[in-house]
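J.: My structure is in entry-v9.tsv, and what it holds is TSV, C-alpha atoms:
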```tsv
chain	number	residue	atom	x	y	z
A	650	MET	CA	133.02	122.29	128.06
A	651	LYS	CA	130.06	123.00	125.75
A	652	LYS	CA	130.60	119.77	123.83
A	653	PHE	CA	131.04	117.81	127.07
A	654	VAL	CA	127.74	119.06	128.55
A	655	LEU	CA	125.82	118.49	125.32
A	656	ALA	CA	127.34	115.03	124.79
A	657	GLY	CA	126.57	114.06	128.39
A	658	ALA	CA	122.96	115.18	128.10
A	659	LEU	CA	122.46	113.38	124.80
A	660	ALA	CA	124.07	110.22	126.18
A	661	LEU	CA	121.80	110.36	129.23
A	662	LEU	CA	118.72	110.83	127.05
A	663	SER	CA	119.86	107.90	124.86
A	664	ILE	CA	120.37	105.60	127.85
A	665	VAL	CA	117.09	106.68	129.39
A	666	GLY	CA	115.32	106.33	126.03
A	667	VAL	CA	116.06	102.61	125.71
A	668	GLN	CA	114.36	101.73	128.99
A	669	ALA	CA	110.92	100.17	128.47
A	670	GLN	CA	109.30	102.26	131.21
A	671	THR	CA	110.67	105.56	129.93
A	672	THR	CA	108.17	108.13	128.74
A	673	ILE	CA	109.22	110.78	126.25
A	674	GLY	CA	107.36	114.01	125.78
A	675	ILE	CA	107.26	117.63	124.77
A	676	LYS	CA	106.85	120.58	127.09
A	677	GLY	CA	106.69	124.34	127.02
A	678	GLY	CA	105.51	127.30	128.95
A	679	LEU	CA	106.03	130.69	130.51
A	680	ASN	CA	109.31	132.12	131.87
A	681	VAL	CA	109.45	135.05	134.27
A	682	ALA	CA	113.18	135.83	134.31
A	683	THR	CA	115.52	138.29	135.94
A	684	VAL	CA	119.20	138.72	136.71
A	685	ARG	CA	120.48	139.61	140.17
A	686	ILE	CA	122.28	142.94	139.68
A	687	PRO	CA	123.26	144.36	143.09
A	688	GLY	CA	122.38	148.03	143.55
A	689	THR	CA	120.19	148.16	140.43
A	690	HIS	CA	116.39	148.10	140.22
A	691	VAL	CA	115.42	145.31	137.84
A	692	ASP	CA	112.10	144.19	136.43
A	693	PRO	CA	111.40	140.64	135.29
A	694	LEU	CA	111.36	139.82	131.60
A	695	VAL	CA	108.60	137.52	130.36
A	696	GLY	CA	109.71	134.82	127.91
A	697	PHE	CA	109.04	131.18	127.15
A	698	HIS	CA	110.65	127.76	127.10
A	699	ALA	CA	110.01	124.72	124.90
A	700	GLY	CA	111.62	121.35	124.38
A	701	LEU	CA	111.73	117.64	125.09
A	702	PHE	CA	111.84	115.47	128.20
A	703	ALA	CA	112.35	111.80	129.04
A	704	SER	CA	111.09	110.47	132.38
A	705	THR	CA	112.32	107.15	133.78
A	706	PRO	CA	111.14	105.65	137.07
A	707	ILE	CA	114.02	104.56	139.30
A	708	SER	CA	111.69	103.20	142.01
A	709	SER	CA	107.98	103.33	142.86
A	710	LYS	CA	108.39	106.85	144.35
A	711	PHE	CA	111.27	108.38	142.37
A	712	ALA	CA	112.04	109.21	138.74
A	713	LEU	CA	114.79	110.89	136.75
A	714	GLN	CA	113.69	113.41	134.11
A	715	PRO	CA	116.37	114.92	131.87
A	716	GLU	CA	115.18	117.71	129.58
A	717	ILE	CA	116.51	119.71	126.65
A	718	LEU	CA	114.86	123.15	126.47
A	719	TYR	CA	115.17	126.35	124.50
A	720	SER	CA	114.67	129.16	127.02
A	721	LYS	CA	114.23	132.90	126.45
A	722	GLN	CA	115.41	134.76	129.55
A	723	GLY	CA	116.78	138.18	130.48
A	724	VAL	CA	116.29	141.30	132.52
A	725	GLU	CA	114.85	144.79	132.21
A	726	THR	CA	116.32	147.86	133.92
A	727	ARG	CA	115.48	151.56	133.54
A	728	ASP	CA	118.24	151.92	130.93
A	729	TYR	CA	118.14	148.72	128.89
A	730	ILE	CA	116.58	145.31	128.23
A	731	ASP	CA	118.84	142.26	127.93
A	732	ARG	CA	117.43	139.19	126.15
A	733	TYR	CA	119.24	135.86	126.51
A	734	HIS	CA	118.57	132.76	124.42
A	735	TYR	CA	119.72	129.54	126.11
A	736	LEU	CA	119.79	125.83	125.42
A	737	ASN	CA	119.11	124.52	128.95
A	738	ILE	CA	119.65	120.95	130.08
A	739	PRO	CA	118.00	120.29	133.45
A	740	LEU	CA	118.53	116.87	135.09
A	741	ILE	CA	115.46	116.70	137.30
A	742	PHE	CA	115.03	114.23	140.15
A	743	LYS	CA	111.30	113.72	140.83
A	744	GLY	CA	110.01	112.45	144.16
A	745	THR	CA	106.32	111.51	144.45
A	746	LEU	CA	104.56	113.20	147.37
A	747	THR	CA	101.04	111.82	146.86
A	748	GLY	CA	99.11	110.62	143.81
A	749	GLY	CA	100.44	112.52	140.79
A	750	LEU	CA	101.99	115.33	142.88
A	751	HIS	CA	105.79	115.34	142.93
A	752	ALA	CA	108.69	117.53	144.07
A	753	GLN	CA	111.43	118.42	141.57
A	754	PHE	CA	115.08	119.04	142.31
A	755	GLY	CA	118.27	119.00	140.27
A	756	PRO	CA	121.04	120.81	138.44
A	757	GLN	CA	120.52	122.72	135.23
A	758	PHE	CA	123.26	123.41	132.70
A	759	GLY	CA	122.79	126.17	130.14
A	760	ILE	CA	124.56	127.15	126.93
A	761	LEU	CA	124.07	130.75	125.77
A	762	LEU	CA	123.05	130.70	122.10
A	763	ALA	CA	122.64	134.47	121.62
A	764	ALA	CA	122.06	137.68	123.57
A	765	ASP	CA	121.11	141.22	122.70
A	766	ARG	CA	120.76	144.50	124.58
A	767	GLN	CA	118.07	147.02	123.63
A	768	GLU	CA	118.63	150.62	124.70
A	769	GLY	CA	115.74	152.77	123.48
A	770	ARG	CA	115.32	152.10	119.77
A	771	TYR	CA	118.82	150.65	119.38
A	772	SER	CA	119.77	147.00	119.74
A	773	GLN	CA	123.20	145.39	119.84
A	774	ASP	CA	124.51	141.84	119.99
A	775	ILE	CA	126.16	141.25	123.39
A	776	THR	CA	126.71	137.50	123.08
A	777	ASP	CA	130.51	137.79	123.14
A	778	LYS	CA	130.42	139.92	126.31
A	779	LEU	CA	128.68	137.23	128.35
A	780	ASN	CA	129.59	133.89	129.92
A	781	ARG	CA	128.61	131.17	127.42
A	782	TYR	CA	127.80	128.67	130.17
A	783	ASP	CA	125.21	128.91	132.92
A	784	GLY	CA	124.60	126.76	135.97
A	785	ALA	CA	121.47	126.71	138.11
A	786	LEU	CA	119.67	124.69	140.76
A	787	ALA	CA	116.09	123.81	139.81
A	788	LEU	CA	113.43	123.46	142.52
A	789	GLY	CA	109.74	122.90	141.92
A	790	LEU	CA	106.48	121.01	142.12
A	791	GLY	CA	104.66	119.13	139.42
A	792	TYR	CA	101.55	117.10	138.85
A	793	ASP	CA	101.18	114.20	136.40
A	794	VAL	CA	97.73	113.13	135.27
A	795	GLY	CA	97.38	110.68	132.39
A	796	SER	CA	99.57	111.88	129.52
A	797	TRP	CA	99.73	115.44	130.86
A	798	GLN	CA	102.32	117.03	133.09
A	799	VAL	CA	102.03	120.45	134.79
A	800	SER	CA	104.89	122.00	136.75
A	801	ALA	CA	106.05	125.17	138.46
A	802	ARG	CA	109.81	125.48	138.87
A	803	TYR	CA	112.27	128.09	140.09
A	804	ASN	CA	115.80	128.01	138.69
A	805	VAL	CA	118.25	129.67	141.08
A	806	GLY	CA	121.28	130.90	139.14
A	807	LEU	CA	124.71	129.86	140.38
A	808	SER	CA	126.85	131.27	137.55
A	809	ASP	CA	127.79	134.84	136.71
A	810	THR	CA	126.21	135.85	133.39
A	811	ARG	CA	129.09	138.20	132.65
A	812	ASP	CA	132.26	137.08	130.91
A	813	GLU	CA	135.11	135.71	133.04
A	814	HIS	CA	137.26	138.83	132.73
A	815	MET	CA	134.61	140.90	134.54
A	816	LYS	CA	135.21	139.74	138.14
A	817	GLY	CA	133.33	141.08	141.16
A	818	VAL	CA	129.74	140.60	142.24
A	819	ASN	CA	127.86	137.64	140.73
A	820	TYR	CA	125.10	138.58	138.22
A	821	ALA	CA	123.08	135.35	138.17
A	822	ASN	CA	120.00	134.32	136.16
A	823	ASN	CA	116.86	133.54	138.16
A	824	VAL	CA	113.89	132.11	136.30
A	825	PHE	CA	110.39	131.06	137.38
A	826	GLN	CA	108.86	128.58	134.91
A	827	LEU	CA	105.29	127.43	134.52
A	828	SER	CA	105.14	124.42	132.17
A	829	LEU	CA	102.69	122.13	130.46
A	830	GLY	CA	103.99	118.86	129.06
A	831	TYR	CA	102.53	115.99	127.06
A	832	LYS	CA	103.89	112.44	127.13
A	833	ILE	CA	104.14	111.14	123.57
A	834	ARG	CA	104.97	107.56	124.59
```
Go ahead and express the file in the form of structure tokens.

T.:
Amino acid sequence: MKKFVLAGALALLSIVGVQAQTTIGIKGGLNVATVRIPGTHVDPLVGFHAGLFASTPISSKFALQPEILYSKQGVETRDYIDRYHYLNIPLIFKGTLTGGLHAQFGPQFGILLAADRQEGRYSQDITDKLNRYDGALALGLGYDVGSWQVSARYNVGLSDTRDEHMKGVNYANNVFQLSLGYKIR
């Protein structure tokens, strides 16, 4: 599954990259992340994201923008802090509202690279205890002006972050992202 998702994203970026009207850029920004844990008080964990995007117009009002992003996410409870490191691949559909303002919508696929849990002064690797794949629905607004791109996006988690053998209530990632991007070409 991991190879399929990565190969699909790379193929899409390759196809998009050969189009004359495609713009390629870099982006990064702030993450405010949490995990839905029913019955537990959680605080958001502040992290960041950084990566590449390719934006291709599919009409005068619509564009497709696949991205490949490193994303630091997680959650903080009274007892511990979980930090998750993901390679996220959002496939964003952009619809122009007016001028440079656009709405963003699309699926996001994530691959867990590493995870750790900090309890007090002790830290342990919990990567093997978690689901290696993450799915989300991305919703947001953005504004393009010249070579710059600003966006605010909320990624609603659809997948359980826990490993498959831990059935029950869904513990899903939820991440608010504030991004600044620059179109290289």

J.: Please provide the set of residues having any atom within 6 Å of region 766-769 of chain A, restricted to only C-alpha atoms, with same-chain residues fewer than 5 positions apart removed, written as a list in words.

T.: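 The neighbour list is Tyr729, Ile730 and Asp731 of chain A.
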
J.: Please determine, counting only C-alpha atoms, which residue among A:Tyr719, A:Phe754, A:Tyr733, A:Phe825 has the shortest atom-to-atom distance to Asp774 (chain A).

T.: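 Of A:Tyr719, A:Phe754, A:Tyr733, A:Phe825, the one nearest Asp774 (chain A) is A:Tyr733, counting only C-alpha atoms.
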
J.: What does the distance between CA of Ile673 (chain A) and CA of Leu713 (chain A) come to in Å, to one decimal place?

T.: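 Result for CA of Ile673 (chain A) versus CA of Leu713 (chain A): 11.9 Å, one decimal.
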
J.: Quick one: pull the distance between CA of Gln826 (chain A) and CA of Gly789 (chain A), Å, one decimal.

T.: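 One can read the CA of Gln826 (chain A) to CA of Gly789 (chain A) distance as 9.1 Å.
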
J.: List as a count of residues only the protein and nucleic acid residues near region 688-703 of chain A, meaning an atom at most 8 Å away when only C-alpha atoms are counted, but skip any in the same chain fewer than 5 places from it.

T.: 30

J.: Just checking: using all atoms listed in the file, which residue out of A:Asn737, A:Arg685, A:Leu827, A:Lys743 ends up closest to Ile707 (chain A)?

T.: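 Under the stated criterion, the closest residue is A:Lys743.
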
J.: CA of Gly784 (chain A) to CA of Leu736 (chain A): how many Å, to one decimal?

T.: 11.6 Å

J.: Would you please work out which residue, of A:Ile741, A:Leu746, A:Leu807, A:Leu786, is nearest to Lys710 (chain A) when using all atoms listed in the file?

T.: A:Leu746

J.: May I ask which of the residues A:Ala764, A:Tyr771, A:Ser828, A:Ala801 is the closest one to Asp728 (chain A), counting only C-alpha atoms?

T.: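 Among the listed residues, A:Tyr771 lies closest to Asp728 (chain A).
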
J.: Find, counting all atoms listed in the file, the residue in A:Ala821, A:Ala763, A:Leu740, A:Ile833 that gets nearest to Gly795 (chain A).

T.: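 Of A:Ala821, A:Ala763, A:Leu740, A:Ile833, the one nearest Gly795 (chain A), counting all atoms listed in the file, is A:Ile833.
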
J.: Show which residues sit within 8 Å of Trp797 (chain A), as a count of residues only. Count all atoms listed in the file, and ignore same-chain residues fewer than 6 positions away.

T.: 4

J.: Counting all atoms listed in the file, figure out which residue out of A:Pro706, A:Gly806, A:Gly759, A:Pro687 gets nearest to Phe742 (chain A).

T.: A:Pro706
